[in-house]
$ cat start_2.txt   # compact mmCIF, C-alpha atoms
# COMPACT_ATOMS: atom_id res chain seq x y z
CA MET A 1 0.00 0.00 0.00
CA VAL A 2 2.87 2.37 0.75
CA TRP A 3 4.32 1.43 -2.63
CA ALA A 4 1.07 2.59 -4.26
CA VAL A 5 1.12 5.90 -2.38
CA SER A 6 4.74 6.41 -3.34
CA ALA A 7 4.04 5.61 -6.98
CA ALA A 8 1.04 7.95 -7.02
CA LEU A 9 3.09 10.77 -5.52
CA LEU A 10 5.88 10.14 -8.04
CA ILE A 11 3.45 10.24 -10.96
CA LEU A 12 1.75 13.38 -9.66
CA GLY A 13 5.12 15.07 -9.18
CA LEU A 14 6.15 14.06 -12.69
CA ALA A 15 2.85 15.43 -14.01
CA ALA A 16 3.51 18.73 -12.24
CA LEU A 17 7.00 18.79 -13.72
CA VAL A 18 5.78 18.10 -17.24
CA LEU A 19 2.44 19.90 -17.36
CA ARG A 20 3.09 23.11 -15.47
CA ARG A 21 4.90 25.89 -17.29
CA GLN A 22 5.96 28.01 -14.32
CA LEU A 23 9.41 27.15 -13.05
CA LEU A 24 8.34 27.43 -9.41
CA ALA A 25 5.54 24.93 -9.96
CA MET A 26 8.06 22.61 -11.61
CA VAL A 27 10.25 22.87 -8.49
CA LEU A 28 7.22 21.91 -6.39
CA GLY A 29 6.75 18.81 -8.56
CA LEU A 30 10.42 17.95 -8.19
CA GLU A 31 10.17 18.15 -4.40
CA LEU A 32 7.14 15.87 -4.51
CA MET A 33 9.07 13.29 -6.54
CA ILE A 34 12.01 13.39 -4.10
CA ASN A 35 9.61 12.81 -1.20
CA ALA A 36 8.05 9.85 -3.00
CA ALA A 37 11.52 8.31 -3.32
CA ASN A 38 12.24 9.00 0.35
CA LEU A 39 8.99 7.29 1.32
CA ASN A 40 10.10 4.20 -0.59
CA PHE A 41 13.46 4.19 1.19
CA VAL A 42 11.91 4.52 4.65
CA PHE A 43 9.34 1.81 3.95
CA TYR A 44 12.06 -0.52 2.70
CA GLY A 45 14.21 0.28 5.75
CA SER A 46 11.38 -0.38 8.18
CA ARG A 47 10.44 -3.67 6.51
CA ARG A 48 13.98 -5.03 6.32
CA LEU A 49 15.22 -3.23 9.47
CA ASP A 50 17.98 -1.75 7.31
CA ALA A 51 19.65 1.34 8.77
CA ALA A 52 21.32 2.17 5.46
CA ALA A 53 17.96 3.26 4.03
CA THR A 54 17.48 5.70 6.91
CA ALA A 55 21.00 7.05 6.42
CA ILE A 56 20.41 7.50 2.69
CA VAL A 57 17.15 9.36 3.35
CA LEU A 58 18.91 11.78 5.68
CA LEU A 59 21.54 12.45 3.02
CA VAL A 60 18.88 12.86 0.33
CA ILE A 61 17.04 15.41 2.50
CA ALA A 62 20.25 17.46 2.81
CA VAL A 63 20.92 17.32 -0.94
CA ALA A 64 17.30 18.17 -1.74
CA ALA A 65 17.46 21.22 0.51
CA ALA A 66 20.59 22.39 -1.32
CA GLU A 67 18.90 21.73 -4.67
CA ALA A 68 15.88 23.78 -3.63
CA VAL A 69 18.09 26.70 -2.59
CA VAL A 70 19.96 26.70 -5.92
CA GLY A 71 16.80 26.29 -7.99
CA LEU A 72 14.87 28.99 -6.21
CA SER A 73 17.77 31.44 -6.32
CA LEU A 74 18.11 30.84 -10.07
CA ILE A 75 14.39 31.43 -10.55
CA LEU A 76 14.52 34.63 -8.50
CA ALA A 77 17.55 35.76 -10.52
CA LEU A 78 15.54 35.17 -13.69
CA ARG A 79 12.66 37.18 -12.24
CA GLY A 80 15.11 39.96 -11.36
CA LYS A 81 16.08 40.19 -15.03
CA GLY A 82 12.47 40.73 -16.00
CA SER A 83 11.73 37.21 -17.19
CA ALA A 84 8.39 35.58 -16.41
CA ALA A 85 10.30 32.50 -15.13
CA GLU A 86 8.44 30.11 -17.37
CA SER A 87 9.91 27.08 -19.08
CA SER A 88 8.83 28.30 -22.51
CA GLU A 89 11.25 31.22 -22.22
CA LEU A 90 14.30 29.11 -21.51
CA LEU A 91 14.99 27.82 -24.99
CA GLY A 92 18.75 28.29 -25.29
CA LEU A 93 22.01 28.76 -23.48
CA GLN A 94 24.19 31.82 -23.86
CA GLY A 95 27.94 31.59 -23.32
CA MET B 96 -0.68 0.90 11.90
CA THR B 97 -1.91 -0.08 8.45
CA ALA B 98 -5.06 1.99 8.90
CA LEU B 99 -3.00 5.02 9.90
CA LEU B 100 -0.70 4.52 6.91
CA ALA B 101 -3.72 4.26 4.61
CA LEU B 102 -5.26 7.41 6.09
CA PHE B 103 -2.09 9.48 5.81
CA GLY B 104 -1.29 8.07 2.37
CA ALA B 105 -4.76 8.88 1.03
CA ALA B 106 -4.49 12.41 2.44
CA ALA B 107 -1.04 12.82 0.87
CA VAL B 108 -2.29 11.74 -2.56
CA ALA B 109 -5.38 13.97 -2.24
CA PHE B 110 -3.27 17.01 -1.40
CA ALA B 111 -0.85 16.16 -4.22
CA VAL B 112 -3.77 16.09 -6.67
CA LEU B 113 -4.92 19.45 -5.29
CA MET B 114 -1.39 20.78 -5.72
CA LEU B 115 -1.42 19.78 -9.36
CA LEU B 116 -4.83 21.33 -9.99
CA GLN B 117 -4.26 24.69 -8.31
CA ARG B 118 -3.54 27.59 -10.61
CA SER B 119 -2.12 29.80 -7.87
CA LEU B 120 1.49 29.08 -6.94
CA LEU B 121 0.94 29.91 -3.29
CA SER B 122 -1.99 27.49 -3.10
CA SER B 123 0.18 24.82 -4.71
CA ALA B 124 2.91 25.50 -2.14
CA LEU B 125 0.41 25.18 0.72
CA CYS B 126 -0.85 21.88 -0.69
CA LEU B 127 2.75 20.64 -0.95
CA LEU B 128 3.22 21.63 2.70
CA ALA B 129 0.22 19.46 3.59
CA VAL B 130 1.72 16.57 1.59
CA LEU B 131 5.02 16.95 3.45
CA PHE B 132 3.18 16.81 6.78
CA GLN B 133 1.40 13.61 5.74
CA ILE B 134 4.67 12.02 4.65
CA ALA B 135 6.30 13.00 7.96
CA ALA B 136 3.42 11.32 9.79
CA MET B 137 3.92 8.21 7.63
CA PHE B 138 7.61 8.20 8.53
CA PHE B 139 6.66 8.32 12.21
CA VAL B 140 4.25 5.43 11.83
CA LEU B 141 6.92 3.49 9.90
CA ASN B 142 9.22 3.59 12.95
CA ALA B 143 11.50 6.32 11.62
CA PRO B 144 11.06 9.16 14.14
CA LEU B 145 14.39 10.83 13.30
CA VAL B 146 13.57 11.01 9.59
CA ALA B 147 10.11 12.35 10.45
CA LEU B 148 11.69 15.06 12.57
CA MET B 149 14.15 15.94 9.80
CA GLN B 150 11.29 16.00 7.30
CA LEU B 151 9.44 18.50 9.44
CA LEU B 152 12.49 20.64 10.21
CA VAL B 153 14.17 20.71 6.82
CA TYR B 154 11.36 20.17 4.32
CA ALA B 155 8.20 21.48 5.97
CA GLY B 156 10.23 24.18 7.71
CA ALA B 157 13.23 25.53 5.83
CA VAL B 158 12.48 24.51 2.24
CA MET B 159 8.83 25.54 2.46
CA VAL B 160 9.78 28.96 3.88
CA LEU B 161 12.14 29.38 0.94
CA LEU B 162 9.44 28.30 -1.51
CA VAL B 163 6.83 30.64 -0.06
CA VAL B 164 9.29 33.56 -0.03
CA ALA B 165 10.18 32.80 -3.66
CA VAL B 166 6.50 32.62 -4.59
CA MET B 167 5.78 35.91 -2.82
CA ALA B 168 8.82 37.54 -4.46
CA SER B 169 7.68 36.36 -7.87
CA GLY B 170 4.65 38.61 -7.57
CA THR B 171 1.79 36.21 -6.97
CA ARG B 172 -1.67 37.67 -6.50
CA LEU B 173 -2.89 36.99 -3.00
CA SER B 174 -6.42 37.88 -4.01
CA GLY B 175 -6.45 34.99 -6.47
CA LEU B 176 -5.91 32.31 -3.86
CA TRP B 177 -8.12 29.22 -4.01
CA GLU B 178 -9.94 30.37 -7.11
CA GLY B 179 -12.69 28.10 -8.26
CA PHE B 180 -13.90 27.07 -4.82
CA SER B 181 -17.15 28.47 -3.47
CA ALA B 182 -16.05 28.50 0.16
CA ARG B 183 -12.58 29.73 -0.68
CA ARG B 184 -12.07 31.52 2.62
CA LEU B 185 -12.97 28.44 4.66
CA TRP B 186 -10.98 26.01 2.55
CA PRO B 187 -7.43 26.85 3.83
CA LEU B 188 -8.75 26.97 7.39
CA ALA B 189 -10.27 23.51 6.97
CA VAL B 190 -6.99 22.18 5.58
CA PHE B 191 -4.99 23.47 8.52
CA GLY B 192 -7.67 22.29 10.94
CA VAL B 193 -7.24 18.78 9.56
CA LEU B 194 -3.46 19.10 9.88
CA LEU B 195 -3.82 20.25 13.49
CA LEU B 196 -6.07 17.29 14.29
CA GLN B 197 -3.52 15.02 12.64
CA PHE B 198 -0.74 16.45 14.80
CA ILE B 199 -2.79 15.87 17.92
CA ALA B 200 -3.52 12.29 16.80
CA VAL B 201 0.15 11.56 16.06
CA SER B 202 1.26 13.09 19.37
CA LEU B 203 -1.16 10.76 21.17
CA LEU B 204 0.57 7.75 19.65
CA GLU B 205 2.89 5.78 21.86
CA PRO B 206 6.37 7.37 21.67
CA PRO B 207 9.09 4.94 20.57
CA ALA B 208 10.84 3.33 23.52
CA SER B 209 14.61 3.38 23.73
CA GLY B 210 14.90 -0.24 22.62
CA SER B 211 12.29 -0.11 19.87
CA PRO B 212 13.26 -0.98 16.27
CA GLY B 213 12.85 2.63 15.09
CA VAL B 214 15.19 4.09 17.70
CA SER B 215 17.77 1.37 17.19
CA LEU B 216 17.53 1.92 13.41
CA ASP B 217 18.19 5.63 13.96
CA ARG B 218 21.24 4.81 16.07
CA GLU B 219 22.53 2.43 13.42
CA ALA B 220 21.93 5.07 10.75
CA ALA B 221 23.92 7.62 12.76
CA ALA B 222 26.71 5.07 13.16
CA LEU B 223 26.67 4.52 9.39
CA LEU B 224 26.68 8.24 8.58
CA PHE B 225 29.69 8.91 10.79
CA GLY B 226 31.33 5.53 10.10
CA PRO B 227 31.43 3.89 6.66
CA TYR B 228 29.52 6.76 4.98
CA ARG B 229 31.57 9.56 6.54
CA LEU B 230 33.13 10.62 3.24
CA MET B 231 29.68 11.06 1.71
CA THR B 232 28.47 12.93 4.77
CA GLU B 233 31.44 15.29 4.61
CA ALA B 234 30.96 15.79 0.86
CA ILE B 235 27.33 16.72 1.34
CA GLY B 236 28.29 19.10 4.16
CA VAL B 237 30.75 20.81 1.82
CA LEU B 238 28.08 20.88 -0.90
CA VAL B 239 25.61 22.62 1.42
CA LEU B 240 28.32 25.11 2.43
CA LEU B 241 29.14 25.83 -1.24
CA VAL B 242 25.45 26.27 -2.03
CA SER B 243 24.99 28.72 0.81
CA LEU B 244 28.03 30.68 -0.41
CA SER B 245 26.96 30.58 -4.06
CA VAL B 246 23.61 32.25 -3.48
CA LEU B 247 25.20 35.23 -1.71
CA PRO B 248 25.18 38.35 -3.91
CA ASP B 249 28.44 39.14 -5.66
CA PRO B 250 29.85 42.42 -4.24
CA LYS B 251 31.71 43.06 -7.53
CA ALA B 252 28.51 42.79 -9.53
CA GLU B 253 27.18 45.94 -11.13
CA GLY B 254 24.74 47.61 -8.85
CA PRO B 255 22.69 50.76 -9.22
CA SER B 256 24.98 53.75 -9.66
CA GLU B 257 24.94 56.15 -6.75
CA SER B 258 26.18 59.25 -8.60

$ encode --input "start_2.txt" --output "structure tokens"
Amino acid sequence: MVWAVSAALLILGLAALVLRRQLLAMVLGLELMINAANLNFVFYGSRRLDAAATAIVLLVIAVAAAEAVVGLSLILALRGKGSAAESSELLGLQG
Amino acid sequence: MTALLALFGAAAVAFAVLMLLQRSLLSSALCLLAVLFQIAAMFFVLNAPLVALMQLLVYAGAVMVLLVVAVMASGTRLSGLWEGFSARRLWPLAVFGVLLLQFIAVSLLEPPASGSPGVSLDREAAALLFGPYRLMTEAIGVLVLLVSLSVLPDPKAEGPSES
């Protein structure tokens, strides 16, 4: 049953990532997907009494927090330059 | 335990669907906050109290504050919150009322004893993080430090001229 919840959260996060055009909404979907993966790890760890899963989840939480900080600061920097911060505007890289 | 997991899981999926359907970014962020609370409660039920605490502190606390500040700084319209619902003023209050009831219910659960599987798993995880996984732990600490330094404004960057 926890697998089903995790899969549903992963699919909903992926849908938010694919269907929403605003970059902030895409970050929300990404966070949802990371939490779905964490839920799988914790469920596995509690079933098998495996401490490595708990350790991995703690590391993933730290990395996800760093990822959120970088992503949000990039989005705010885009907004500061007058962009609408939507995925349709980010079509190319400039060196 | 299974009933609690089913309840929290169903609430998490329901809030995730709401998050996907909301047009307002702030409403989506609030729905994600509710999902994070449900997942933290599931962690607690799954005998992982340390991970549940970290989920609340880091995700539902720090990351959500960052998200809400970013949403507010991106110029969202507060007047457009919860559009499409007839009782739009009561809806957020009902959500947070449910969350409050959930907190009370989880706090009434039996706290894990010192020898319970969850607490011993947390101890083993700590021993792993500062034992065999210490290089990874240090690397992630350096990564977080670099991230916090990288988002600081560059003092050499061109600012508004004062003359």

$ closest_atom_pairs --input "start_2.txt" --of "chain B" --to "chain A" --cutoff "8 Å" --atoms "only C-alpha atoms" --output "CSV"
residue,atom,partner,partner_atom,distance
B:Leu100,CA,A:Val2,CA,7.4
B:Ala101,CA,A:Met1,CA,7.3
B:Gly104,CA,A:Val5,CA,5.8
B:Ala105,CA,A:Val5,CA,7.4
B:Ala107,CA,A:Leu9,CA,7.9
B:Val108,CA,A:Leu9,CA,6.2
B:Ala111,CA,A:Leu12,CA,6.6
B:Val112,CA,A:Leu12,CA,6.8
B:Leu115,CA,A:Ala16,CA,5.8
B:Leu120,CA,A:Ala25,CA,6.5
B:Ser123,CA,A:Ala25,CA,7.5
B:Ala124,CA,A:Leu28,CA,7.0
B:Leu127,CA,A:Leu28,CA,7.2
B:Leu131,CA,A:Asn35,CA,7.7
B:Ile134,CA,A:Leu39,CA,7.2
B:Phe138,CA,A:Val42,CA,6.9
B:Leu141,CA,A:Ser46,CA,6.2
B:Asn142,CA,A:Ser46,CA,6.6
B:Ala143,CA,A:Val42,CA,7.2
B:Val146,CA,A:Leu58,CA,6.7
B:Met149,CA,A:Leu58,CA,7.5
B:Gln150,CA,A:Ile61,CA,7.5
B:Val153,CA,A:Ala65,CA,7.1
B:Tyr154,CA,A:Ala65,CA,7.3
B:Val158,CA,A:Ala65,CA,6.2
B:Leu161,CA,A:Val69,CA,7.4
B:Leu162,CA,A:Leu72,CA,7.2
B:Ala165,CA,A:Leu72,CA,6.6
B:Val166,CA,A:Leu24,CA,7.3
B:Ala168,CA,A:Leu76,CA,7.6
B:Ser169,CA,A:Arg79,CA,6.7
B:Pro212,CA,A:Leu49,CA,7.4
B:Gly213,CA,A:Ser46,CA,7.7
B:Leu216,CA,A:Ala51,CA,5.1
B:Asp217,CA,A:Ala51,CA,6.9
B:Glu219,CA,A:Ala51,CA,5.6
B:Ala220,CA,A:Ala51,CA,4.8
B:Ala221,CA,A:Ala55,CA,7.0
B:Leu223,CA,A:Ala55,CA,6.9
B:Leu224,CA,A:Ala55,CA,6.2
B:Thr232,CA,A:Leu59,CA,7.2
B:Ile235,CA,A:Val63,CA,6.8
B:Leu238,CA,A:Ala66,CA,7.7
B:Val239,CA,A:Ala66,CA,5.7
B:Val242,CA,A:Ala66,CA,6.3
B:Ser243,CA,A:Val69,CA,8.0
B:Val246,CA,A:Ser73,CA,6.5

$ closest_residue --input "start_2.txt" --among "B:Ala157, B:Ala109, B:Met114, B:Met96" --to "A:Met26" --atoms "all atoms listed in the file"
B:Met114

$ closest_residue --input "start_2.txt" --among "B:Phe139, B:Cys126, B:Ala98, B:Leu113" --to "B:Leu204" --atoms "only C-alpha atoms"
B:Phe139

$ atom_distance --input "start_2.txt" --atom1 "atom CA of B:Phe110" --atom2 "atom CA of B:Ala129"
6.6 Å

$ atom_distance --input "start_2.txt" --atom1 "atom CA of B:Phe198" --atom2 "atom CA of B:Val163"
21.9 Å

$ atom_distance --input "start_2.txt" --atom1 "atom CA of B:Leu125" --atom2 "atom CA of B:Val193"
13.3 Å

$ closest_residue --input "start_2.txt" --among "B:Gln117, B:Met137, B:Thr97, B:Gly192" --to "A:Asn40" --atoms "only C-alpha atoms"
B:Met137

$ closest_residue --input "start_2.txt" --among "A:Arg48, A:Arg21, A:Ser87, A:Leu14" --to "A:Met33" --atoms "only C-alpha atoms"
A:Leu14

$ decode --input "start_2.txt" --residues "chain A" --atoms "C-alpha atoms" --output "tab-separated table (two decimals), in the first residue's frame"
chain	number	residue	atom	x	y	z
A	1	MET	CA	0.00	0.00	0.00
A	2	VAL	CA	2.87	2.37	0.75
A	3	TRP	CA	4.32	1.43	-2.63
A	4	ALA	CA	1.07	2.59	-4.26
A	5	VAL	CA	1.12	5.90	-2.38
A	6	SER	CA	4.74	6.41	-3.34
A	7	ALA	CA	4.04	5.61	-6.98
A	8	ALA	CA	1.04	7.95	-7.02
A	9	LEU	CA	3.09	10.77	-5.52
A	10	LEU	CA	5.88	10.14	-8.04
A	11	ILE	CA	3.45	10.24	-10.96
A	12	LEU	CA	1.75	13.38	-9.66
A	13	GLY	CA	5.12	15.07	-9.18
A	14	LEU	CA	6.15	14.06	-12.69
A	15	ALA	CA	2.85	15.43	-14.01
A	16	ALA	CA	3.51	18.73	-12.24
A	17	LEU	CA	7.00	18.79	-13.72
A	18	VAL	CA	5.78	18.10	-17.24
A	19	LEU	CA	2.44	19.90	-17.36
A	20	ARG	CA	3.09	23.11	-15.47
A	21	ARG	CA	4.90	25.89	-17.29
A	22	GLN	CA	5.96	28.01	-14.32
A	23	LEU	CA	9.41	27.15	-13.05
A	24	LEU	CA	8.34	27.43	-9.41
A	25	ALA	CA	5.54	24.93	-9.96
A	26	MET	CA	8.06	22.61	-11.61
A	27	VAL	CA	10.25	22.87	-8.49
A	28	LEU	CA	7.22	21.91	-6.39
A	29	GLY	CA	6.75	18.81	-8.56
A	30	LEU	CA	10.42	17.95	-8.19
A	31	GLU	CA	10.17	18.15	-4.40
A	32	LEU	CA	7.14	15.87	-4.51
A	33	MET	CA	9.07	13.29	-6.54
A	34	ILE	CA	12.01	13.39	-4.10
A	35	ASN	CA	9.61	12.81	-1.20
A	36	ALA	CA	8.05	9.85	-3.00
A	37	ALA	CA	11.52	8.31	-3.32
A	38	ASN	CA	12.24	9.00	0.35
A	39	LEU	CA	8.99	7.29	1.32
A	40	ASN	CA	10.10	4.20	-0.59
A	41	PHE	CA	13.46	4.19	1.19
A	42	VAL	CA	11.91	4.52	4.65
A	43	PHE	CA	9.34	1.81	3.95
A	44	TYR	CA	12.06	-0.52	2.70
A	45	GLY	CA	14.21	0.28	5.75
A	46	SER	CA	11.38	-0.38	8.18
A	47	ARG	CA	10.44	-3.67	6.51
A	48	ARG	CA	13.98	-5.03	6.32
A	49	LEU	CA	15.22	-3.23	9.47
A	50	ASP	CA	17.98	-1.75	7.31
A	51	ALA	CA	19.65	1.34	8.77
A	52	ALA	CA	21.32	2.17	5.46
A	53	ALA	CA	17.96	3.26	4.03
A	54	THR	CA	17.48	5.70	6.91
A	55	ALA	CA	21.00	7.05	6.42
A	56	ILE	CA	20.41	7.50	2.69
A	57	VAL	CA	17.15	9.36	3.35
A	58	LEU	CA	18.91	11.78	5.68
A	59	LEU	CA	21.54	12.45	3.02
A	60	VAL	CA	18.88	12.86	0.33
A	61	ILE	CA	17.04	15.41	2.50
A	62	ALA	CA	20.25	17.46	2.81
A	63	VAL	CA	20.92	17.32	-0.94
A	64	ALA	CA	17.30	18.17	-1.74
A	65	ALA	CA	17.46	21.22	0.51
A	66	ALA	CA	20.59	22.39	-1.32
A	67	GLU	CA	18.90	21.73	-4.67
A	68	ALA	CA	15.88	23.78	-3.63
A	69	VAL	CA	18.09	26.70	-2.59
A	70	VAL	CA	19.96	26.70	-5.92
A	71	GLY	CA	16.80	26.29	-7.99
A	72	LEU	CA	14.87	28.99	-6.21
A	73	SER	CA	17.77	31.44	-6.32
A	74	LEU	CA	18.11	30.84	-10.07
A	75	ILE	CA	14.39	31.43	-10.55
A	76	LEU	CA	14.52	34.63	-8.50
A	77	ALA	CA	17.55	35.76	-10.52
A	78	LEU	CA	15.54	35.17	-13.69
A	79	ARG	CA	12.66	37.18	-12.24
A	80	GLY	CA	15.11	39.96	-11.36
A	81	LYS	CA	16.08	40.19	-15.03
A	82	GLY	CA	12.47	40.73	-16.00
A	83	SER	CA	11.73	37.21	-17.19
A	84	ALA	CA	8.39	35.58	-16.41
A	85	ALA	CA	10.30	32.50	-15.13
A	86	GLU	CA	8.44	30.11	-17.37
A	87	SER	CA	9.91	27.08	-19.08
A	88	SER	CA	8.83	28.30	-22.51
A	89	GLU	CA	11.25	31.22	-22.22
A	90	LEU	CA	14.30	29.11	-21.51
A	91	LEU	CA	14.99	27.82	-24.99
A	92	GLY	CA	18.75	28.29	-25.29
A	93	LEU	CA	22.01	28.76	-23.48
A	94	GLN	CA	24.19	31.82	-23.86
A	95	GLY	CA	27.94	31.59	-23.32
